[in-house]
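File shown here: model_10.cif, holding mmCIF, C-alpha atoms and all ligand atoms.
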data_protein
loop_
_atom_site.label_atom_id
_atom_site.label_comp_id
_atom_site.auth_asym_id
_atom_site.auth_seq_id
_atom_site.Cartn_x
_atom_site.Cartn_y
_atom_site.Cartn_z
CA MET Q 259 17.83 5.30 -5.98
CA GLY Q 260 16.01 4.24 -2.81
CA MET Q 261 18.40 3.29 -0.03
CA ALA Q 262 15.85 0.95 1.57
CA MET Q 263 15.62 -1.06 -1.65
CA VAL Q 264 19.41 -1.43 -1.87
CA GLU Q 265 19.63 -2.40 1.81
CA GLU Q 266 16.91 -5.04 1.42
CA PHE Q 267 18.68 -6.39 -1.68
CA CYS Q 268 22.01 -6.59 0.16
CA ARG Q 269 20.36 -8.40 3.09
CA LYS Q 270 18.78 -10.92 0.75
CA ILE Q 271 21.95 -11.55 -1.24
CA ARG Q 272 24.01 -12.09 1.93
CA ASP Q 273 21.41 -14.56 3.21
CA GLY Q 274 21.41 -16.62 0.00
CA HIS Q 275 20.84 -15.37 -3.48
CA VAL Q 276 18.85 -13.04 -5.71
CA ILE Q 277 17.51 -13.57 -9.20
CA GLY Q 278 16.61 -11.35 -12.13
CA PRO Q 279 16.57 -11.14 -15.92
CA PHE Q 280 18.47 -8.99 -18.37
CA MET Q 281 16.02 -6.68 -20.13
CA LYS Q 282 16.22 -5.16 -23.60
CA THR Q 283 12.66 -3.90 -23.82
CA CYS Q 284 11.93 -0.25 -24.57
CA ASP Q 285 8.62 -0.43 -22.65
CA PRO Q 286 8.63 0.14 -18.87
CA ALA Q 287 5.50 -2.04 -18.53
CA PHE Q 288 7.68 -5.13 -18.89
CA VAL Q 289 10.00 -3.94 -16.14
CA GLU Q 290 7.00 -3.45 -13.85
CA ALA Q 291 5.72 -6.93 -14.74
CA ALA Q 292 9.10 -8.45 -13.82
CA GLY Q 293 8.82 -6.74 -10.44
CA TYR Q 294 5.27 -7.95 -9.83
CA ALA Q 295 6.42 -11.47 -10.76
CA GLY Q 296 8.81 -11.34 -7.78
CA MET Q 297 12.14 -10.77 -9.51
CA ASP Q 298 14.72 -9.26 -7.15
CA PHE Q 299 16.51 -7.18 -9.76
CA VAL Q 300 16.48 -6.37 -13.46
CA ILE Q 301 19.58 -5.67 -15.53
CA LEU Q 302 18.56 -3.00 -18.03
CA ASP Q 303 20.93 -3.53 -20.90
CA MET Q 304 22.69 -0.75 -22.79
CA GLU Q 305 25.52 -3.02 -23.99
CA HIS Q 306 23.22 -5.05 -26.22
CA GLY Q 307 19.84 -3.85 -27.41
CA PRO Q 308 18.20 -0.60 -28.47
CA VAL Q 309 17.43 1.12 -25.14
CA SER Q 310 18.40 4.78 -24.72
CA VAL Q 311 19.05 6.74 -21.55
CA GLU Q 312 15.78 8.57 -22.16
CA SER Q 313 13.69 5.38 -22.05
CA LEU Q 314 15.84 4.00 -19.24
CA GLN Q 315 14.66 6.66 -16.82
CA ASN Q 316 11.09 5.39 -17.21
CA HIS Q 317 12.29 1.80 -16.78
CA ILE Q 318 13.90 2.85 -13.51
CA ARG Q 319 10.68 4.55 -12.36
CA ALA Q 320 8.75 1.39 -13.26
CA ALA Q 321 11.21 -0.75 -11.29
CA GLN Q 322 10.78 1.47 -8.25
CA VAL Q 323 6.96 1.29 -8.51
CA ALA Q 324 7.06 -2.51 -8.62
CA GLY Q 325 9.78 -2.94 -5.97
CA VAL Q 326 12.48 -4.51 -8.14
CA LEU Q 327 16.08 -3.27 -8.04
CA PRO Q 328 17.12 -1.50 -11.28
CA VAL Q 329 20.69 -2.27 -12.32
CA VAL Q 330 21.95 -0.87 -15.62
CA ARG Q 331 24.57 -2.58 -17.74
CA VAL Q 332 26.39 0.18 -19.56
CA GLY Q 333 28.24 -0.15 -22.84
CA ARG Q 334 30.82 2.55 -22.13
CA TYR Q 335 32.44 3.92 -18.98
CA LYS Q 336 31.16 7.42 -19.69
CA ASP Q 337 27.57 6.20 -19.28
CA ILE Q 338 28.17 5.12 -15.67
CA SER Q 339 27.42 8.51 -14.09
CA ARG Q 340 24.58 9.22 -16.52
CA VAL Q 341 22.64 6.10 -15.52
CA LEU Q 342 23.34 6.68 -11.82
CA ASP Q 343 22.08 10.25 -12.28
CA ILE Q 344 18.73 8.95 -13.53
CA GLY Q 345 18.41 6.68 -10.51
CA ALA Q 346 19.98 3.31 -11.30
CA ALA Q 347 20.59 1.40 -8.06
CA GLY Q 348 23.67 -0.21 -9.53
CA VAL Q 349 25.89 -0.29 -12.57
CA GLN Q 350 27.22 -3.37 -14.28
CA VAL Q 351 30.25 -2.93 -16.51
CA PRO Q 352 31.36 -5.45 -19.15
CA GLN Q 353 34.85 -6.69 -20.02
CA VAL Q 354 36.86 -5.60 -17.00
CA SER Q 355 40.20 -7.32 -17.34
CA ASN Q 356 42.55 -5.84 -14.75
CA ALA Q 357 42.69 -3.83 -11.52
CA ARG Q 358 43.30 -0.55 -13.34
CA GLU Q 359 40.01 -0.91 -15.22
CA ALA Q 360 38.15 -1.97 -12.09
CA GLU Q 361 39.50 1.13 -10.33
CA GLU Q 362 38.36 3.31 -13.21
CA VAL Q 363 34.83 1.89 -12.90
CA VAL Q 364 34.77 2.69 -9.17
CA ARG Q 365 36.14 6.18 -9.82
CA GLU Q 366 33.33 6.85 -12.32
CA ALA Q 367 30.64 5.41 -10.02
CA LYS Q 368 31.51 7.02 -6.67
CA PHE Q 369 31.71 10.55 -5.37
CA TYR Q 370 34.57 11.69 -3.10
CA PRO Q 371 36.29 10.13 -1.19
CA GLN Q 372 35.95 6.78 -3.03
CA GLY Q 373 35.87 8.27 -6.51
CA GLU Q 374 35.51 11.24 -8.81
CA ARG Q 375 32.01 10.83 -10.24
CA GLY Q 376 30.91 14.00 -12.00
CA VAL Q 377 28.81 16.08 -9.64
CA CYS Q 378 25.34 17.40 -10.36
CA ARG Q 379 22.61 17.56 -7.74
CA PHE Q 380 19.81 18.58 -10.08
CA VAL Q 381 19.34 15.09 -11.47
CA ARG Q 382 16.60 12.55 -10.82
CA ALA Q 383 18.74 10.59 -8.31
CA ALA Q 384 19.01 13.79 -6.24
CA ARG Q 385 15.29 14.44 -6.63
CA TYR Q 386 16.17 17.37 -8.87
CA SER Q 387 17.77 19.16 -5.85
CA ALA Q 388 14.97 18.39 -3.37
CA LEU Q 389 17.33 16.05 -1.49
CA GLU Q 390 19.64 17.68 1.00
CA LYS Q 391 23.11 17.86 -0.62
CA ASN Q 392 25.10 15.84 1.90
CA GLU Q 393 22.36 13.25 2.13
CA TYR Q 394 22.49 12.82 -1.66
CA PHE Q 395 26.25 12.38 -1.80
CA ARG Q 396 26.16 9.89 1.08
CA MET Q 397 23.29 7.90 -0.43
CA ALA Q 398 24.68 7.93 -3.95
CA ASN Q 399 27.87 6.16 -2.87
CA HIS Q 400 25.78 3.10 -1.90
CA ALA Q 401 24.94 2.34 -5.53
CA LEU Q 402 26.17 -1.13 -6.38
CA VAL Q 403 29.25 -1.59 -8.55
CA ILE Q 404 29.24 -4.84 -10.49
CA ILE Q 405 32.07 -5.72 -12.86
CA GLN Q 406 32.00 -8.43 -15.50
CA LEU Q 407 34.91 -10.83 -15.80
CA GLU Q 408 34.64 -12.48 -19.17
CA GLY Q 409 38.05 -12.97 -20.72
CA GLN Q 410 41.36 -14.72 -20.21
CA GLN Q 411 43.06 -11.54 -19.00
CA ALA Q 412 40.50 -11.16 -16.22
CA LEU Q 413 41.39 -14.63 -15.00
CA GLU Q 414 45.11 -13.95 -15.18
CA ASN Q 415 44.58 -10.76 -13.17
CA LEU Q 416 41.94 -12.09 -10.79
CA ASP Q 417 44.01 -11.60 -7.63
CA GLU Q 418 44.64 -7.90 -8.28
CA ILE Q 419 41.02 -7.35 -9.39
CA MET Q 420 39.73 -8.86 -6.14
CA GLU Q 421 41.79 -6.31 -4.17
CA VAL Q 422 40.06 -3.26 -5.68
CA PRO Q 423 37.94 -1.51 -3.06
CA GLY Q 424 34.43 -0.40 -4.00
CA VAL Q 425 33.51 -3.37 -6.19
CA ASP Q 426 30.43 -5.13 -4.79
CA ILE Q 427 29.94 -8.09 -7.13
CA LEU Q 428 32.12 -10.00 -9.61
CA PHE Q 429 29.91 -11.14 -12.47
CA ILE Q 430 31.11 -13.91 -14.78
CA GLY Q 431 29.98 -13.56 -18.40
CA PRO Q 432 29.87 -17.16 -19.69
CA TYR Q 433 29.30 -16.21 -23.31
CA ASP Q 434 32.25 -13.88 -23.70
CA LEU Q 435 34.35 -16.17 -21.53
CA SER Q 436 33.56 -19.12 -23.83
CA GLN Q 437 34.53 -17.00 -26.84
CA SER Q 438 37.83 -16.03 -25.21
CA LEU Q 439 38.59 -19.75 -24.90
CA GLY Q 440 37.90 -20.29 -28.60
CA LEU Q 441 34.58 -21.99 -27.77
CA PRO Q 442 32.03 -19.30 -28.64
CA GLY Q 443 28.61 -19.97 -27.11
CA GLN Q 444 29.66 -23.26 -25.49
CA THR Q 445 28.86 -22.09 -21.99
CA THR Q 446 28.56 -25.62 -20.60
CA HIS Q 447 31.81 -26.87 -22.15
CA PRO Q 448 33.99 -28.37 -19.37
CA ALA Q 449 36.81 -25.89 -20.10
CA VAL Q 450 34.42 -22.94 -19.67
CA VAL Q 451 32.76 -24.41 -16.58
CA GLU Q 452 36.19 -25.05 -15.04
CA GLN Q 453 37.22 -21.41 -15.41
CA MET Q 454 33.87 -20.18 -14.09
CA GLN Q 455 34.18 -22.52 -11.14
CA GLU Q 456 37.68 -21.23 -10.44
CA ILE Q 457 36.45 -17.62 -10.26
CA VAL Q 458 33.54 -18.64 -8.00
CA VAL Q 459 35.80 -20.56 -5.60
CA ARG Q 460 38.52 -17.89 -5.42
CA ALA Q 461 35.98 -15.07 -4.94
CA LYS Q 462 34.05 -16.93 -2.27
CA LYS Q 463 37.28 -17.68 -0.40
CA LYS Q 464 37.66 -13.90 -0.09
CA HIS Q 465 33.97 -13.43 0.78
CA ILE Q 466 33.36 -11.50 -2.41
CA LEU Q 467 29.87 -11.78 -3.93
CA VAL Q 468 29.68 -13.48 -7.32
CA GLY Q 469 27.13 -13.45 -10.09
CA THR Q 470 26.66 -15.07 -13.44
CA PHE Q 471 24.30 -15.41 -16.37
CA THR Q 472 22.20 -18.54 -16.82
CA ASP Q 473 19.77 -19.34 -19.62
CA SER Q 474 18.57 -22.85 -18.78
CA GLN Q 475 17.24 -24.63 -15.71
CA GLU Q 476 20.38 -26.74 -15.64
CA THR Q 477 22.81 -23.83 -15.57
CA LEU Q 478 20.61 -21.97 -13.06
CA LYS Q 479 20.71 -24.99 -10.73
CA ARG Q 480 24.42 -25.62 -11.27
CA TRP Q 481 25.50 -22.09 -10.40
CA SER Q 482 23.07 -21.62 -7.55
CA ASP Q 483 24.33 -24.93 -6.07
CA ALA Q 484 27.89 -23.62 -6.54
CA GLY Q 485 26.97 -20.69 -4.28
CA VAL Q 486 26.61 -17.93 -6.87
CA GLN Q 487 24.52 -15.27 -5.13
CA TYR Q 488 23.63 -12.85 -7.96
CA LEU Q 489 21.88 -15.06 -10.48
CA SER Q 490 20.76 -13.51 -13.71
CA TYR Q 491 18.30 -15.69 -15.53
CA SER Q 492 17.80 -15.22 -19.26
CA VAL Q 493 16.66 -12.15 -21.15
CA ASP Q 494 13.17 -10.64 -21.48
CA THR Q 495 13.03 -11.30 -25.23
CA GLY Q 496 14.07 -14.94 -24.75
CA ILE Q 497 11.64 -15.41 -21.85
CA PHE Q 498 8.80 -14.06 -24.00
CA TYR Q 499 9.84 -16.33 -26.88
CA GLU Q 500 9.84 -19.35 -24.54
CA ALA Q 501 6.41 -18.37 -23.21
CA CYS Q 502 5.02 -18.17 -26.77
CA VAL Q 503 6.45 -21.58 -27.62
CA GLY Q 504 4.80 -22.89 -24.44
CA VAL Q 505 1.40 -21.52 -25.52
CA ARG Q 506 1.73 -23.26 -28.90
CA GLU Q 507 2.62 -26.53 -27.16
CA ARG Q 508 -0.35 -26.24 -24.79
CA MET Q 509 -2.66 -25.61 -27.76
CA ASN Q 510 -1.44 -28.79 -29.40
CA ARG Q 511 -1.85 -30.70 -26.14
CA ILE Q 512 -5.48 -29.64 -25.64
CA GLY Q 513 -6.31 -30.64 -29.20
CA VAL Q 514 -6.37 -27.19 -30.78
CA PRO Q 515 -3.50 -27.67 -33.23
CA SER Q 516 -2.27 -24.55 -34.99
C1 LIG K 601 28.20 -12.96 -21.22
O1 LIG K 601 27.80 -14.12 -21.00
O2 LIG K 601 29.20 -12.69 -21.91
C2 LIG K 601 27.48 -11.83 -20.63
O3 LIG K 601 27.88 -10.72 -20.77
C3 LIG K 601 26.24 -12.09 -19.87
O4 LIG K 601 25.32 -12.71 -20.63
MG MG K 602 29.45 -10.53 -22.08
#

Before anything else, please render the file you have as structure tokens.
Amino acid sequence: MGMAMVEEFCRKIRDGHVIGPFMKTCDPAFVEAAGYAGMDFVILDMEHGPVSVESLQNHIRAAQVAGVLPVVRVGRYKDISRVLDIGAAGVQVPQVSNAREAEEVVREAKFYPQGERGVCRFVRAARYSALEKNEYFRMANHALVIIQLEGQQALENLDEIMEVPGVDILFIGPYDLSQSLGLPGQTTHPAVVEQMQEIVVRAKKKHILVGTFTDSQETLKRWSDAGVQYLSYSVDTGIFYEACVGVRERMNRIGVPS
């Protein structure tokens, strides 16, 4: 996983904020490019998109080459240890709605004494057994645990969720949250913003790190001004689409209409 990379990330996030995209690509070259562009982290997405664990391991290698922190968003709890085994520096888990579920995530992500992650030291994260055993177990427990709060139940149970030890970042999912309010996709609707703001304020009061997803300059500015430290900005496919639209616009502007 690279302890130095996680430590540097934690220093940066405590000093202000970090930024990175969700990524659905199946090609590690794009992960490398995100790193060379100065992104702090990438969220490699297994919840939505076609990526498999097999291609993920090359994405994680690419992230390490380019110095960008590889977080994996899993679709199912049983993938947590698999993606940590291949070297993810953190796991992000959708739709956590109460303390029991948050505890289950931590249990899956941590070795003894914090959890009961399945043990194998012949995996990539353990350098296929080249790492000294105790060193591996100690290092592995520094992987980041990020849980997504994105429904009404999560809000109702926020106090108990915030008490669960081992969770590093609370990540608000504005899209699912808007759906749970009967306003699907309306991530800037005042009712959605109000609930997001409430989570940010209550988490910050307890000195818990918060993150959210933004897909416009306005929402990026709003949530960074609100003190959100783990800022995910858009998705590789959407960023590429926007870049292509920009090229077409520039062509028109320089008098080469298409
Ligand atoms: C959501 O908004 O629901 C997410 O999961 C992050 O995009
Ligand atoms: Mg979501």

Contact table stretch 311-428 of chain Q vs stretch 283-304 of chain Q, cut-off 9 Å, shortest pair per residue, only C-alpha atoms, as a tab-separated table:
residue	atom	partner	partner_atom	distance
Q:Val311	CA	Q:Met304	CA	8.4
Q:Ser313	CA	Q:Cys284	CA	6.4
Q:Leu314	CA	Q:Leu302	CA	7.6
Q:Asn316	CA	Q:Pro286	CA	6.0
Q:His317	CA	Q:Pro286	CA	4.5
Q:Ile318	CA	Q:Pro286	CA	8.0
Q:Arg319	CA	Q:Pro286	CA	8.1
Q:Ala320	CA	Q:Glu290	CA	5.2
Q:Ala321	CA	Q:Glu290	CA	5.6
Q:Gln322	CA	Q:Glu290	CA	8.4
Q:Val323	CA	Q:Glu290	CA	7.1
Q:Ala324	CA	Q:Gly293	CA	4.9
Q:Gly325	CA	Q:Gly293	CA	5.9
Q:Val326	CA	Q:Gly293	CA	4.9
Q:Leu327	CA	Q:Phe299	CA	4.3
Q:Pro328	CA	Q:Val300	CA	5.4
Q:Val329	CA	Q:Ile301	CA	4.8
Q:Val330	CA	Q:Leu302	CA	4.7
Q:Arg331	CA	Q:Asp303	CA	4.9
Q:Val332	CA	Q:Met304	CA	5.0
Q:Gly333	CA	Q:Met304	CA	5.6
Q:Arg334	CA	Q:Met304	CA	8.8
Q:Val349	CA	Q:Ile301	CA	8.8
Q:Gln350	CA	Q:Ile301	CA	8.1

### Query
So how far away is atom CA of Q:Pro442 from atom CA of Q:Gly409, in Å?
11.8 Å

Report as AutoDock Vina command-line options the centre and the edge lengths, in Å to one decimal, of the axis-aligned box holding every listed atom of ligand LIG 601 (chain K), padded by 3 Å on each side.
--center_x 27.3 --center_y -12.4 --center_z -20.9 --size_x 9.9 --size_y 9.4 --size_z 8.0

### Task
Tell me, as a ChimeraX atom specification, which residues lie within 12 Å of stretch 476-486 of chain Q, counting all atoms listed in the file; anything in the same chain fewer than 5 positions away does not count.
/Q:271-279,427-430,432,445-447,451-452,454-463,465-471,491-492

#### Entry: Using only C-alpha atoms and all ligand atoms: which of Q:Asn510, Q:Ser355, Q:Ser438, Q:Gln453 has the shortest distance to ligand LIG 601 (chain K)
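Ranked by minimum distance to ligand LIG 601 (chain K), first place goes to Q:Ser438.
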
### Message
ligand MG 602 (chain K): which residues are within 7 Å, counting only C-alpha atoms and all ligand atoms? Reply as a list in words.
### Response
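Final answer, ordered by chain and number: Pro352, Gln353, Glu408, Gly431, Tyr433 and Asp434 of chain Q.
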
### Message
What's the separation between atom CA of Q:Arg385 and atom CA of Q:Gln372, in Å to one decimal place?
### Response
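That distance, rounded to one decimal, is 22.3 Å.
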
### Query
With distances taken over only C-alpha atoms and all ligand atoms, which of Q:Met509, Q:Ile405, Q:Met261, Q:Ile497 is nearest to ligand LIG 601 (chain K)?
Q:Ile405

### Query
So how far away is atom CA of Q:Asp337 from atom CA of Q:Val377, in Å?
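Between atom CA of Q:Val377 and atom CA of Q:Asp337 the gap is 13.9 Å.
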
### Task
Would you mind telling me which residue in Q:Ala449, Q:Val354, Q:Val514, Q:Val422 lies nearest to ligand LIG 601 (chain K) when using all atoms listed in the file?
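Using all atoms listed in the file, the shortest distance to ligand LIG 601 (chain K) belongs to Q:Val354.
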
### Task
Please identify all polymer residues within 12 Å of Q:Lys391, counting all atoms listed in the file, omitting same-chain residues fewer than 6 positions from it, and present them as a list of chain:residue names.
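Everything that qualifies: Q:Val377, Q:Cys378, Q:Arg379, Q:Phe380, Q:Val381, Q:Ala383, Q:Ala384, Q:Arg385, Q:Met397, Q:Ala398.
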
### Message
Restricting the calculation to only C-alpha atoms and all ligand atoms: of Q:Ser436, Q:Ser310, Q:Gln487, Q:Ser387, which residue gets closest to ligand LIG 601 (chain K)?
### Response
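Counting only C-alpha atoms and all ligand atoms, the residue closest to ligand LIG 601 (chain K) is Q:Ser436.
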
### Message
If we count only C-alpha atoms and set the cut-off at 12 Å, which residues sit around Q:Lys336, ignoring sequence neighbours fewer than 2 positions away in its own chain? Please answer as a PyMOL selection string.
### Response
chain Q and resi 332-334+338-342+349+351+362-363+365-367+375-376

### Message
Using only C-alpha atoms and all ligand atoms for the distances, tell me which of Q:Asp473, Q:Glu507, Q:Asp426, Q:Glu393 is nearest to ligand LIG 601 (chain K).
### Response
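Counting only C-alpha atoms and all ligand atoms, the residue closest to ligand LIG 601 (chain K) is Q:Asp473.
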
How would stretch 424-446 of chain Q look with N, CA and C atoms restored, written as a tab-separated table (two decimals), keeping the file's coordinate frame?
chain	number	residue	atom	x	y	z
Q	424	GLY	N	35.58	-1.07	-3.38
Q	424	GLY	CA	34.43	-0.40	-4.00
Q	424	GLY	C	33.68	-1.27	-4.99
Q	425	VAL	N	34.22	-2.44	-5.29
Q	425	VAL	CA	33.51	-3.37	-6.19
Q	425	VAL	C	32.64	-4.27	-5.32
Q	426	ASP	N	31.33	-4.34	-5.63
Q	426	ASP	CA	30.43	-5.13	-4.79
Q	426	ASP	C	30.25	-6.57	-5.28
Q	427	ILE	N	30.21	-6.75	-6.59
Q	427	ILE	CA	29.94	-8.09	-7.13
Q	427	ILE	C	30.82	-8.35	-8.35
Q	428	LEU	N	31.41	-9.56	-8.40
Q	428	LEU	CA	32.12	-10.00	-9.61
Q	428	LEU	C	31.14	-10.85	-10.42
Q	429	PHE	N	30.89	-10.45	-11.64
Q	429	PHE	CA	29.91	-11.14	-12.47
Q	429	PHE	C	30.65	-11.84	-13.62
Q	430	ILE	N	30.45	-13.15	-13.71
Q	430	ILE	CA	31.11	-13.91	-14.78
Q	430	ILE	C	30.20	-13.93	-16.01
Q	431	GLY	N	30.74	-13.52	-17.15
Q	431	GLY	CA	29.98	-13.56	-18.40
Q	431	GLY	C	30.33	-14.83	-19.16
Q	432	PRO	N	29.49	-15.86	-19.08
Q	432	PRO	CA	29.87	-17.16	-19.69
Q	432	PRO	C	30.00	-17.10	-21.20
Q	433	TYR	N	29.23	-16.24	-21.84
Q	433	TYR	CA	29.30	-16.21	-23.31
Q	433	TYR	C	30.62	-15.61	-23.79
Q	434	ASP	N	30.97	-14.46	-23.27
Q	434	ASP	CA	32.25	-13.88	-23.70
Q	434	ASP	C	33.43	-14.71	-23.22
Q	435	LEU	N	33.27	-15.31	-22.03
Q	435	LEU	CA	34.35	-16.17	-21.53
Q	435	LEU	C	34.56	-17.37	-22.47
Q	436	SER	N	33.44	-17.95	-22.93
Q	436	SER	CA	33.56	-19.12	-23.83
Q	436	SER	C	34.23	-18.69	-25.14
Q	437	GLN	N	33.89	-17.50	-25.61
Q	437	GLN	CA	34.53	-17.00	-26.84
Q	437	GLN	C	36.03	-16.82	-26.63
Q	438	SER	N	36.40	-16.29	-25.45
Q	438	SER	CA	37.83	-16.03	-25.21
Q	438	SER	C	38.62	-17.34	-25.12
Q	439	LEU	N	37.92	-18.45	-24.92
Q	439	LEU	CA	38.59	-19.75	-24.90
Q	439	LEU	C	38.54	-20.42	-26.27
Q	440	GLY	N	38.02	-19.71	-27.26
Q	440	GLY	CA	37.90	-20.29	-28.60
Q	440	GLY	C	36.72	-21.24	-28.71
Q	441	LEU	N	35.75	-21.11	-27.77
Q	441	LEU	CA	34.58	-21.99	-27.77
Q	441	LEU	C	33.30	-21.15	-27.74
Q	442	PRO	N	33.12	-20.28	-28.74
Q	442	PRO	CA	32.03	-19.30	-28.64
Q	442	PRO	C	30.66	-19.95	-28.43
Q	443	GLY	N	29.98	-19.51	-27.38
Q	443	GLY	CA	28.61	-19.97	-27.11
Q	443	GLY	C	28.55	-21.27	-26.33
Q	444	GLN	N	29.70	-21.96	-26.18
Q	444	GLN	CA	29.66	-23.26	-25.49
Q	444	GLN	C	29.81	-23.07	-23.98
Q	445	THR	N	28.76	-22.51	-23.40
Q	445	THR	CA	28.86	-22.09	-21.99
Q	445	THR	C	28.83	-23.26	-21.01
Q	446	THR	N	28.51	-24.46	-21.51
Q	446	THR	CA	28.56	-25.62	-20.60
Q	446	THR	C	29.73	-26.55	-20.95
